[in-house]
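Engineer: The structure that follows is given in the form of structure tokens.
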2 protein chains.
Amino acid sequence: MSARPAETDQPAKEPRRKGRLHTSTVDALHRMIVTGDLEPGQKLREQELCERLGVSRTPLREALRTLAAQGLVQLTQNRGAEVAPLTLADITALFDVVGSLEALAARLACKAMTDEAIAEIGVLHYRMMLHHVRDELPDYFALNQQIHRAIIEGAQNPVLLGVWEALAARVERAKYLPNLQPNRWKAAMHEHDAMLAALVARDGNELGRLMEAHFHNGLAAILAANGAEAPPETAVDGSA
Amino acid sequence: MSARPAETDQPAKEPRRKGRLHTSTVDALHRMIVTGDLEPGQKLREQELCERLGVSRTPLREALRTLAAQGLVQLTQNRGAEVAPLTLADITALFDVVGSLEALAARLACKAMTDEAIAEIGVLHYRMMLHHVRDELPDYFALNQQIHRAIIEGAQNPVLLGVWEALAARVERAKYLPNLQPNRWKAAMHEHDAMLAALVARDGNELGRLMEAHFHNGLAAILAANGAEAPPETAVDGSA
DNA sequence: ATGCTGTATTTTGCATACAAGTTTGAAAAG
DNA sequence: CTTTTCAAACTTGTATGCAAAATACAGCAT
């Protein structure tokens, strides 16, 4: 379903197919924000984005409202939009919530998933491991994301899926901040080993515990990496 | 259609203050959907809503996008918007997620809240109890909501607050479905008693457990009330 | 020199106009 | 009588124009 064609496009003013402008505008902005192409706190002037994306202000504004509801953009009355800041405090808060949701998903998935679906996750797991030993980071990331998504979908709870998808975008933003150190990478793989074992054993509580810990470790890595080397504007916690 | 309540505001075409049209449109639609004034599954034709709310299509469409991102409205390409259906399966899923989030909030709040804030919740609690013995349901509901919100805010996690607010709207929708039986009401009050005790004791795990159970009991009441007496169109689980 | 004020420019918010897609219904063919 | 086709009406999607708010800046007063 979510398999999108590679499509690196950042379309300038190519005359798109006539429908689906709103959707593709949302996606384009979504990517730009997640990848950091648009930086946290950056002011988003409508006219400028319109030219960049090749759409008029109406669909652009609708896209901004959608993204604002997802927490990627911040709107202020009569003062326009800016990319939502991403402070370390925000990231901490975010990981607490997502960790909790994944733990819930784990418990539900262990009850609801079919043996076949679990086996498919096993396949993904070993493919991911392959990318790990080959040092192919982007592919590793993609598989990692797919595994987490599969577990969430395995919970068979549409509300959970919807909330998770919205938050996953922000998690992705956080992942683009630091360079993932090899140490953390290796540790993450081991954590995934344990997670798969728990899933196969259908031990929901254990899997939940593991996933929550997995998330907290990822958070710690991000905090460590950025607390030391981040430029001041990036993400210092906003006491003001 | 359904009888609308008093209807003091709901401005027809009064020339509003020039700003804030978008926000108030979102709020108005929000209320209409939550209260059931707009029924689940109902098709939302833009022109009709424009006349009813006294705005043009542009801000209305922006509002619909916002509500869609919050899960109150469902959009389909070139086929417009409809009020998101609210099946019993949806409600079950929703309560699982919100219960889990409130449990998280409980753990965090027990650590983060000041004594003063906890005391304020105590005040709200006893005011709510007063409305209970006086049989004042709407006031009870309002206080109940305030207490839950105060605990979420006490967790001091802006992400959690944002997610919870979006989901709370859907929970409200569910509450408007059945007539709350007096039995459930009484039980809910007792559960709140225990919750307050755990909060004062700052026992986060216990409070989390209690709040999750509180939610599940509420869900069971709704399911029971509707499984038996709901009209077929309302909320039968949507296999389709 | 500094602070304030009024005006010009920019930018957002809303409304309307136009284009493209979808639905409906009636007429014609089987 | 049923089914198919096609066009008219309606609905949504997008672009543009206009008004109000905010910002920037120059000129003035202190």
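Identifiers for the structure tokens are assigned positionally: chains receive A, B, ... in sequence, residues are indexed from 1 per chain, and ligands are indexed from 1 in the order shown.
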Please report as a list of chain:residue names which residues of chain B come no farther than 8 Å from chain D, using only C-alpha atoms (C1' of nucleotides).
Structural biologist: B:Lys18, B:Arg45, B:Asn78, B:Arg79, B:Gly80
Engineer: Taking only residues of chain C that have an atom at most 12 Å from an atom of chain B, what is each one's shortest atom pair and its distance in Å to one decimal, using only C-alpha atoms (C1' of nucleotides), in chain and number order, as CSV?
Structural biologist:
```
residue,atom,partner,partner_atom,distance
C:DT12,C1',B:Gly19,CA,10.2
C:DG13,C1',B:Gly19,CA,7.1
C:DC14,C1',B:Thr58,CA,7.1
C:DA15,C1',B:Ser56,CA,6.3
C:DT16,C1',B:Ser56,CA,9.0
C:DA20,C1',B:Asn78,CA,9.5
C:DG21,C1',B:Asn78,CA,6.6
C:DT22,C1',B:Arg79,CA,7.3
C:DT23,C1',B:Arg79,CA,10.0
```
Engineer: Keeping N, CA and C atoms (P, O5', C5', C4', C3', O3' and C1' of nucleotides), export the residues of the selection given above as a PDB file, in the first residue's frame.
Structural biologist:
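Generated file (part27.pdb):
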```pdb
ATOM      1  P    DT C  12       2.251  34.719   3.940  1.00  0.00           P
ATOM      2  O5'  DT C  12       0.829  34.649   4.655  1.00  0.00           O
ATOM      3  C5'  DT C  12       0.694  35.114   5.993  1.00  0.00           C
ATOM      4  C4'  DT C  12      -0.706  35.629   6.224  1.00  0.00           C
ATOM      5  C3'  DT C  12      -1.812  34.582   6.036  1.00  0.00           C
ATOM      6  O3'  DT C  12      -2.633  34.547   7.182  1.00  0.00           O
ATOM      7  C1'  DT C  12      -2.333  36.552   4.830  1.00  0.00           C
ATOM      8  P    DG C  13      -3.775  33.412   7.303  1.00  0.00           P
ATOM      9  O5'  DG C  13      -5.085  34.170   6.800  1.00  0.00           O
ATOM     10  C5'  DG C  13      -5.716  35.099   7.664  1.00  0.00           C
ATOM     11  C4'  DG C  13      -7.038  35.548   7.063  1.00  0.00           C
ATOM     12  C3'  DG C  13      -7.987  34.401   6.714  1.00  0.00           C
ATOM     13  O3'  DG C  13      -9.299  34.729   7.164  1.00  0.00           O
ATOM     14  C1'  DG C  13      -7.611  35.738   4.809  1.00  0.00           C
ATOM     15  P    DC C  14     -10.432  33.626   7.071  1.00  0.00           P
ATOM     16  O5'  DC C  14     -11.255  34.109   5.794  1.00  0.00           O
ATOM     17  C5'  DC C  14     -11.821  35.421   5.801  1.00  0.00           C
ATOM     18  C4'  DC C  14     -12.333  35.761   4.421  1.00  0.00           C
ATOM     19  C3'  DC C  14     -13.360  34.787   3.847  1.00  0.00           C
ATOM     20  O3'  DC C  14     -14.598  35.467   3.718  1.00  0.00           O
ATOM     21  C1'  DC C  14     -11.720  35.418   2.224  1.00  0.00           C
ATOM     22  P    DA C  15     -15.908  34.732   3.165  1.00  0.00           P
ATOM     23  O5'  DA C  15     -15.902  35.116   1.629  1.00  0.00           O
ATOM     24  C5'  DA C  15     -15.884  36.494   1.273  1.00  0.00           C
ATOM     25  C4'  DA C  15     -15.841  36.643  -0.237  1.00  0.00           C
ATOM     26  C3'  DA C  15     -16.874  35.808  -1.008  1.00  0.00           C
ATOM     27  O3'  DA C  15     -17.579  36.657  -1.899  1.00  0.00           O
ATOM     28  C1'  DA C  15     -14.686  35.436  -1.870  1.00  0.00           C
ATOM     29  P    DT C  16     -18.847  36.123  -2.694  1.00  0.00           P
ATOM     30  O5'  DT C  16     -18.294  35.898  -4.176  1.00  0.00           O
ATOM     31  C5'  DT C  16     -17.548  36.952  -4.783  1.00  0.00           C
ATOM     32  C4'  DT C  16     -16.782  36.453  -5.991  1.00  0.00           C
ATOM     33  C3'  DT C  16     -17.612  35.637  -7.002  1.00  0.00           C
ATOM     34  O3'  DT C  16     -17.366  36.175  -8.298  1.00  0.00           O
ATOM     35  C1'  DT C  16     -15.616  34.508  -6.500  1.00  0.00           C
ATOM     36  P    DA C  20     -10.011  21.803 -17.895  1.00  0.00           P
ATOM     37  O5'  DA C  20     -10.286  20.558 -16.952  1.00  0.00           O
ATOM     38  C5'  DA C  20      -9.567  20.447 -15.715  1.00  0.00           C
ATOM     39  C4'  DA C  20     -10.252  19.435 -14.813  1.00  0.00           C
ATOM     40  C3'  DA C  20     -10.713  18.170 -15.536  1.00  0.00           C
ATOM     41  O3'  DA C  20     -10.376  17.048 -14.744  1.00  0.00           O
ATOM     42  C1'  DA C  20     -12.525  19.116 -14.376  1.00  0.00           C
ATOM     43  P    DG C  21     -10.501  15.586 -15.356  1.00  0.00           P
ATOM     44  O5'  DG C  21     -11.443  14.821 -14.323  1.00  0.00           O
ATOM     45  C5'  DG C  21     -11.206  14.999 -12.927  1.00  0.00           C
ATOM     46  C4'  DG C  21     -12.470  14.731 -12.151  1.00  0.00           C
ATOM     47  C3'  DG C  21     -13.165  13.418 -12.512  1.00  0.00           C
ATOM     48  O3'  DG C  21     -13.335  12.647 -11.335  1.00  0.00           O
ATOM     49  C1'  DG C  21     -14.724  15.202 -12.519  1.00  0.00           C
ATOM     50  P    DT C  22     -13.909  11.149 -11.427  1.00  0.00           P
ATOM     51  O5'  DT C  22     -15.393  11.285 -10.868  1.00  0.00           O
ATOM     52  C5'  DT C  22     -15.618  12.071  -9.693  1.00  0.00           C
ATOM     53  C4'  DT C  22     -17.112  12.229  -9.459  1.00  0.00           C
ATOM     54  C3'  DT C  22     -17.931  10.951  -9.643  1.00  0.00           C
ATOM     55  O3'  DT C  22     -18.784  10.796  -8.526  1.00  0.00           O
ATOM     56  C1'  DT C  22     -18.885  12.715 -10.879  1.00  0.00           C
ATOM     57  P    DT C  23     -19.519   9.382  -8.302  1.00  0.00           P
ATOM     58  O5'  DT C  23     -21.057   9.796  -8.517  1.00  0.00           O
ATOM     59  C5'  DT C  23     -21.572  10.888  -7.770  1.00  0.00           C
ATOM     60  C4'  DT C  23     -22.838  11.411  -8.426  1.00  0.00           C
ATOM     61  C3'  DT C  23     -23.935  10.352  -8.634  1.00  0.00           C
ATOM     62  O3'  DT C  23     -25.117  10.778  -7.973  1.00  0.00           O
ATOM     63  C1'  DT C  23     -23.613  11.635 -10.601  1.00  0.00           C
TER      64       DT C  23
END
```
Engineer: What does the distance from atom CA of A:Glu48 to atom CA of A:Gly71 come to in Å, to one decimal?
Structural biologist: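 Answer for the atom CA of A:Glu48 to atom CA of A:Gly71 separation: 21.3 Å.
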Engineer: Can I get the residues of chain A within 7 Å of chain B, each with the closest pair of atoms and their distance in Å to one decimal, using only C-alpha atoms, sorted chain first then ascending number, as JSON lines?
Structural biologist:
```
{"residue": "A:Glu62", "atom": "CA", "partner": "B:Glu62", "partner_atom": "CA", "distance": 5.2}
{"residue": "A:Arg65", "atom": "CA", "partner": "B:Thr66", "partner_atom": "CA", "distance": 5.8}
{"residue": "A:Thr66", "atom": "CA", "partner": "B:Thr66", "partner_atom": "CA", "distance": 5.4}
{"residue": "A:Ala69", "atom": "CA", "partner": "B:Thr66", "partner_atom": "CA", "distance": 5.9}
{"residue": "A:Gln70", "atom": "CA", "partner": "B:Ala69", "partner_atom": "CA", "distance": 6.8}
{"residue": "A:Ala93", "atom": "CA", "partner": "B:Asn157", "partner_atom": "CA", "distance": 5.4}
{"residue": "A:Leu94", "atom": "CA", "partner": "B:Val159", "partner_atom": "CA", "distance": 5.8}
{"residue": "A:Val97", "atom": "CA", "partner": "B:Leu160", "partner_atom": "CA", "distance": 6.2}
{"residue": "A:Ser100", "atom": "CA", "partner": "B:Leu104", "partner_atom": "CA", "distance": 7.0}
{"residue": "A:Leu104", "atom": "CA", "partner": "B:Ser100", "partner_atom": "CA", "distance": 7.0}
{"residue": "A:Asn157", "atom": "CA", "partner": "B:Ala93", "partner_atom": "CA", "distance": 5.4}
{"residue": "A:Pro158", "atom": "CA", "partner": "B:Ala93", "partner_atom": "CA", "distance": 6.9}
{"residue": "A:Val159", "atom": "CA", "partner": "B:Leu94", "partner_atom": "CA", "distance": 5.8}
{"residue": "A:Leu160", "atom": "CA", "partner": "B:Val97", "partner_atom": "CA", "distance": 6.2}
```
Engineer: List every residue of stretch 60-162 of chain B that DSSP, applied to the backbone of this structure, places in strand (DSSP E), and write the result as an NGL selection string.
Structural biologist: :B and (73-76 or 80-83)
Engineer: Enumerate, as a tab-separated table (two decimals) with N, CA, C and O atoms, in the first residue's frame, the complete set of residues in stretch 76-169 of chain B that a backbone-based DSSP assignment places in alpha helix (DSSP H).
Structural biologist:
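The result, written out as states_35.tsv:
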```
chain	number	residue	atom	x	y	z
B	88	LEU	N	-19.02	0.52	16.16
B	88	LEU	CA	-18.65	0.01	17.47
B	88	LEU	C	-17.20	-0.46	17.46
B	88	LEU	O	-16.48	-0.33	18.45
B	89	ALA	N	-16.78	-1.01	16.32
B	89	ALA	CA	-15.38	-1.43	16.21
B	89	ALA	C	-14.46	-0.21	16.35
B	89	ALA	O	-13.43	-0.27	17.04
B	90	ASP	N	-14.84	0.90	15.72
B	90	ASP	CA	-14.04	2.11	15.83
B	90	ASP	C	-13.95	2.56	17.28
B	90	ASP	O	-12.90	2.94	17.77
B	91	ILE	N	-15.08	2.51	17.96
B	91	ILE	CA	-15.09	2.98	19.35
B	91	ILE	C	-14.19	2.11	20.21
B	91	ILE	O	-13.43	2.60	21.04
B	92	THR	N	-14.26	0.82	19.98
B	92	THR	CA	-13.39	-0.09	20.73
B	92	THR	C	-11.93	0.26	20.50
B	92	THR	O	-11.13	0.40	21.44
B	93	ALA	N	-11.59	0.43	19.22
B	93	ALA	CA	-10.21	0.77	18.88
B	93	ALA	C	-9.81	2.08	19.54
B	93	ALA	O	-8.72	2.23	20.12
B	94	LEU	N	-10.70	3.05	19.47
B	94	LEU	CA	-10.43	4.38	20.02
B	94	LEU	C	-10.15	4.31	21.51
B	94	LEU	O	-9.19	4.90	22.02
B	95	PHE	N	-10.98	3.56	22.21
B	95	PHE	CA	-10.82	3.49	23.66
B	95	PHE	C	-9.53	2.78	24.05
B	95	PHE	O	-8.91	3.11	25.06
B	96	ASP	N	-9.13	1.79	23.28
B	96	ASP	CA	-7.85	1.15	23.54
B	96	ASP	C	-6.73	2.16	23.51
B	96	ASP	O	-5.86	2.20	24.39
B	97	VAL	N	-6.75	2.99	22.47
B	97	VAL	CA	-5.65	3.95	22.29
B	97	VAL	C	-5.70	5.02	23.38
B	97	VAL	O	-4.68	5.31	24.03
B	98	VAL	N	-6.86	5.60	23.58
B	98	VAL	CA	-6.95	6.67	24.56
B	98	VAL	C	-6.64	6.14	25.96
B	98	VAL	O	-5.95	6.80	26.75
B	99	GLY	N	-7.11	4.95	26.25
B	99	GLY	CA	-6.80	4.36	27.55
B	99	GLY	C	-5.31	4.24	27.74
B	99	GLY	O	-4.77	4.58	28.81
B	100	SER	N	-4.63	3.79	26.72
B	100	SER	CA	-3.18	3.65	26.81
B	100	SER	C	-2.50	5.00	27.00
B	100	SER	O	-1.57	5.14	27.80
B	101	LEU	N	-3.00	6.00	26.28
B	101	LEU	CA	-2.40	7.33	26.40
B	101	LEU	C	-2.64	7.91	27.79
B	101	LEU	O	-1.76	8.56	28.37
B	102	GLU	N	-3.82	7.68	28.33
B	102	GLU	CA	-4.10	8.23	29.66
B	102	GLU	C	-3.25	7.52	30.71
B	102	GLU	O	-2.84	8.12	31.70
B	103	ALA	N	-3.00	6.24	30.48
B	103	ALA	CA	-2.13	5.52	31.42
B	103	ALA	C	-0.73	6.12	31.39
B	103	ALA	O	-0.11	6.34	32.44
B	104	LEU	N	-0.26	6.42	30.20
B	104	LEU	CA	1.05	7.08	30.08
B	104	LEU	C	1.02	8.42	30.80
B	104	LEU	O	1.93	8.75	31.59
B	105	ALA	N	-0.03	9.18	30.54
B	105	ALA	CA	-0.15	10.49	31.18
B	105	ALA	C	-0.15	10.34	32.69
B	105	ALA	O	0.47	11.15	33.41
B	106	ALA	N	-0.82	9.34	33.17
B	106	ALA	CA	-0.90	9.14	34.61
B	106	ALA	C	0.49	8.95	35.20
B	106	ALA	O	0.85	9.60	36.20
B	107	ARG	N	1.29	8.10	34.56
B	107	ARG	CA	2.63	7.85	35.08
B	107	ARG	C	3.46	9.14	35.08
B	107	ARG	O	4.15	9.46	36.05
B	108	LEU	N	3.37	9.86	33.95
B	108	LEU	CA	4.16	11.08	33.86
B	108	LEU	C	3.66	12.14	34.84
B	108	LEU	O	4.46	12.84	35.48
B	109	ALA	N	2.36	12.25	34.95
B	109	ALA	CA	1.79	13.30	35.80
B	109	ALA	C	2.15	13.08	37.25
B	109	ALA	O	2.42	14.04	37.98
B	110	CYS	N	2.17	11.84	37.68
B	110	CYS	CA	2.50	11.57	39.07
B	110	CYS	C	3.91	12.03	39.40
B	110	CYS	O	4.23	12.36	40.54
B	111	LYS	N	4.77	12.05	38.40
B	111	LYS	CA	6.12	12.55	38.62
B	111	LYS	C	6.18	14.07	38.53
B	111	LYS	O	6.86	14.73	39.30
B	112	ALA	N	5.45	14.62	37.55
B	112	ALA	CA	5.71	16.00	37.17
B	112	ALA	C	4.82	17.03	37.86
B	112	ALA	O	5.19	18.19	37.96
B	115	ASP	N	2.29	19.87	43.87
B	115	ASP	CA	1.27	19.58	44.87
B	115	ASP	C	0.06	20.48	44.66
B	115	ASP	O	-1.09	20.07	44.83
B	116	GLU	N	0.34	21.69	44.28
B	116	GLU	CA	-0.76	22.63	44.06
B	116	GLU	C	-1.68	22.13	42.95
B	116	GLU	O	-2.90	22.14	43.09
B	117	ALA	N	-1.09	21.67	41.85
B	117	ALA	CA	-1.90	21.21	40.73
B	117	ALA	C	-2.74	20.00	41.13
B	117	ALA	O	-3.91	19.87	40.75
B	118	ILE	N	-2.14	19.13	41.93
B	118	ILE	CA	-2.89	17.96	42.38
B	118	ILE	C	-4.06	18.40	43.25
B	118	ILE	O	-5.18	17.89	43.14
B	119	ALA	N	-3.79	19.38	44.08
B	119	ALA	CA	-4.87	19.87	44.94
B	119	ALA	C	-6.01	20.45	44.11
B	119	ALA	O	-7.19	20.25	44.41
B	120	GLU	N	-5.63	21.12	43.03
B	120	GLU	CA	-6.68	21.68	42.16
B	120	GLU	C	-7.54	20.58	41.54
B	120	GLU	O	-8.74	20.74	41.36
B	121	ILE	N	-6.91	19.48	41.21
B	121	ILE	CA	-7.69	18.36	40.68
B	121	ILE	C	-8.63	17.84	41.76
B	121	ILE	O	-9.78	17.48	41.47
B	122	GLY	N	-8.15	17.84	42.99
B	122	GLY	CA	-9.03	17.43	44.08
B	122	GLY	C	-10.26	18.32	44.13
B	122	GLY	O	-11.39	17.82	44.28
B	123	VAL	N	-10.06	19.61	43.96
B	123	VAL	CA	-11.21	20.53	43.97
B	123	VAL	C	-12.18	20.17	42.86
B	123	VAL	O	-13.40	20.05	43.07
B	124	LEU	N	-11.65	19.97	41.67
B	124	LEU	CA	-12.50	19.60	40.55
B	124	LEU	C	-13.27	18.32	40.86
B	124	LEU	O	-14.46	18.19	40.56
B	125	HIS	N	-12.57	17.39	41.48
B	125	HIS	CA	-13.18	16.10	41.78
B	125	HIS	C	-14.41	16.27	42.67
B	125	HIS	O	-15.47	15.71	42.42
B	126	TYR	N	-14.26	17.08	43.72
B	126	TYR	CA	-15.38	17.20	44.64
B	126	TYR	C	-16.51	18.04	44.05
B	126	TYR	O	-17.68	17.81	44.33
B	127	ARG	N	-16.14	18.96	43.19
B	127	ARG	CA	-17.21	19.70	42.49
B	127	ARG	C	-17.97	18.76	41.58
B	127	ARG	O	-19.20	18.82	41.47
B	128	MET	N	-17.23	17.85	40.95
B	128	MET	CA	-17.90	16.88	40.08
B	128	MET	C	-18.83	16.00	40.89
B	128	MET	O	-19.95	15.71	40.48
B	129	MET	N	-18.33	15.60	42.06
B	129	MET	CA	-19.15	14.74	42.91
B	129	MET	C	-20.46	15.45	43.27
B	129	MET	O	-21.53	14.85	43.31
B	130	LEU	N	-20.35	16.73	43.51
B	130	LEU	CA	-21.53	17.53	43.84
B	130	LEU	C	-22.54	17.46	42.70
B	130	LEU	O	-23.74	17.24	42.92
B	131	HIS	N	-22.05	17.65	41.48
B	131	HIS	CA	-22.97	17.58	40.34
B	131	HIS	C	-23.56	16.18	40.21
B	131	HIS	O	-24.69	16.02	39.76
B	132	HIS	N	-22.80	15.20	40.62
B	132	HIS	CA	-23.32	13.83	40.54
B	132	HIS	C	-24.50	13.64	41.47
B	132	HIS	O	-25.57	13.20	41.07
B	133	VAL	N	-24.33	14.02	42.74
B	133	VAL	CA	-25.43	13.81	43.70
B	133	VAL	C	-26.62	14.70	43.34
B	133	VAL	O	-27.76	14.38	43.66
B	137	LEU	N	-26.23	16.16	34.92
B	137	LEU	CA	-25.38	15.41	34.01
B	137	LEU	C	-24.44	16.28	33.18
B	137	LEU	O	-23.24	16.00	33.12
B	138	PRO	N	-24.94	17.34	32.55
B	138	PRO	CA	-24.03	18.11	31.70
B	138	PRO	C	-22.86	18.70	32.48
B	138	PRO	O	-21.72	18.67	32.03
B	139	ASP	N	-23.15	19.23	33.68
B	139	ASP	CA	-22.08	19.78	34.49
B	139	ASP	C	-21.10	18.69	34.90
B	139	ASP	O	-19.90	18.89	34.94
B	140	TYR	N	-21.66	17.54	35.22
B	140	TYR	CA	-20.80	16.41	35.56
B	140	TYR	C	-19.85	16.10	34.41
B	140	TYR	O	-18.64	15.94	34.59
B	141	PHE	N	-20.43	16.02	33.23
B	141	PHE	CA	-19.61	15.74	32.05
B	141	PHE	C	-18.48	16.76	31.89
B	141	PHE	O	-17.33	16.40	31.66
B	142	ALA	N	-18.83	18.02	32.04
B	142	ALA	CA	-17.85	19.07	31.84
B	142	ALA	C	-16.71	18.94	32.84
B	142	ALA	O	-15.53	19.01	32.48
B	143	LEU	N	-17.06	18.72	34.10
B	143	LEU	CA	-16.02	18.57	35.12
B	143	LEU	C	-15.17	17.32	34.85
B	143	LEU	O	-13.94	17.34	35.00
B	144	ASN	N	-15.84	16.27	34.47
B	144	ASN	CA	-15.14	15.03	34.18
B	144	ASN	C	-14.07	15.28	33.11
B	144	ASN	O	-12.91	14.91	33.27
B	145	GLN	N	-14.50	15.94	32.07
B	145	GLN	CA	-13.57	16.27	30.99
B	145	GLN	C	-12.42	17.12	31.50
B	145	GLN	O	-11.25	16.89	31.15
B	146	GLN	N	-12.73	18.08	32.34
B	146	GLN	CA	-11.70	18.97	32.87
B	146	GLN	C	-10.67	18.20	33.68
B	146	GLN	O	-9.48	18.48	33.62
B	147	ILE	N	-11.14	17.23	34.44
B	147	ILE	CA	-10.21	16.45	35.27
B	147	ILE	C	-9.26	15.65	34.39
B	147	ILE	O	-8.04	15.66	34.58
B	148	HIS	N	-9.85	14.98	33.42
B	148	HIS	CA	-8.99	14.19	32.54
B	148	HIS	C	-7.98	15.10	31.85
B	148	HIS	O	-6.79	14.79	31.75
B	149	ARG	N	-8.45	16.23	31.39
B	149	ARG	CA	-7.54	17.16	30.72
B	149	ARG	C	-6.44	17.63	31.66
B	149	ARG	O	-5.27	17.74	31.28
B	150	ALA	N	-6.80	17.89	32.90
B	150	ALA	CA	-5.81	18.38	33.85
B	150	ALA	C	-4.71	17.35	34.07
B	150	ALA	O	-3.53	17.69	34.20
B	151	ILE	N	-5.09	16.09	34.07
B	151	ILE	CA	-4.08	15.05	34.27
B	151	ILE	C	-3.17	14.98	33.04
B	151	ILE	O	-1.95	14.87	33.15
B	152	ILE	N	-3.78	15.07	31.86
B	152	ILE	CA	-2.97	15.06	30.64
B	152	ILE	C	-2.01	16.24	30.65
B	152	ILE	O	-0.82	16.10	30.38
B	153	GLU	N	-2.53	17.40	30.98
B	153	GLU	CA	-1.66	18.57	31.01
B	153	GLU	C	-0.59	18.43	32.09
B	153	GLU	O	0.53	18.90	31.91
B	154	GLY	N	-0.95	17.76	33.16
B	154	GLY	CA	0.00	17.55	34.24
B	154	GLY	C	1.20	16.72	33.80
B	154	GLY	O	2.27	16.79	34.41
B	158	PRO	N	3.78	18.03	25.48
B	158	PRO	CA	2.93	18.70	24.49
B	158	PRO	C	2.46	17.76	23.37
B	158	PRO	O	1.36	17.93	22.86
B	159	VAL	N	3.27	16.79	23.03
B	159	VAL	CA	2.84	15.84	21.99
B	159	VAL	C	1.66	15.03	22.48
B	159	VAL	O	0.65	14.87	21.79
B	160	LEU	N	1.79	14.55	23.69
B	160	LEU	CA	0.71	13.78	24.29
B	160	LEU	C	-0.57	14.61	24.35
B	160	LEU	O	-1.65	14.13	24.01
B	161	LEU	N	-0.43	15.86	24.75
B	161	LEU	CA	-1.60	16.72	24.84
B	161	LEU	C	-2.27	16.89	23.47
B	161	LEU	O	-3.49	16.78	23.34
B	162	GLY	N	-1.46	17.12	22.45
B	162	GLY	CA	-2.02	17.31	21.13
B	162	GLY	C	-2.76	16.09	20.63
B	162	GLY	O	-3.89	16.19	20.12
B	163	VAL	N	-2.15	14.94	20.76
B	163	VAL	CA	-2.79	13.71	20.31
B	163	VAL	C	-4.07	13.46	21.09
B	163	VAL	O	-5.11	13.12	20.53
B	164	TRP	N	-3.98	13.66	22.38
B	164	TRP	CA	-5.13	13.40	23.23
B	164	TRP	C	-6.30	14.31	22.86
B	164	TRP	O	-7.45	13.88	22.80
B	165	GLU	N	-5.99	15.57	22.60
B	165	GLU	CA	-7.08	16.50	22.26
B	165	GLU	C	-7.81	16.05	21.00
B	165	GLU	O	-9.04	16.12	20.93
B	166	ALA	N	-7.05	15.61	20.02
B	166	ALA	CA	-7.69	15.17	18.78
B	166	ALA	C	-8.58	13.96	19.03
B	166	ALA	O	-9.70	13.87	18.53
B	167	LEU	N	-8.08	13.04	19.83
B	167	LEU	CA	-8.85	11.82	20.08
B	167	LEU	C	-10.02	12.09	21.03
B	167	LEU	O	-11.06	11.44	20.93
B	168	ALA	N	-9.85	13.06	21.92
B	168	ALA	CA	-10.91	13.34	22.88
B	168	ALA	C	-12.20	13.73	22.16
B	168	ALA	O	-13.29	13.41	22.61
B	169	ALA	N	-12.03	14.41	21.03
B	169	ALA	CA	-13.22	14.80	20.29
B	169	ALA	C	-14.00	13.56	19.87
B	169	ALA	O	-15.23	13.52	19.94
```
Engineer: So how many Å separate atom CA of A:Arg209 and atom CA of A:Asp193, to one decimal?
Structural biologist: 13.8 Å
Engineer: Which value, in Å to one decimal, gives the distance between atom CA of A:Val26 and atom CA of A:Arg173?
Structural biologist: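 Taking atom CA of A:Val26 as the start and atom CA of A:Arg173 as the end point, the length is 15.8 Å.
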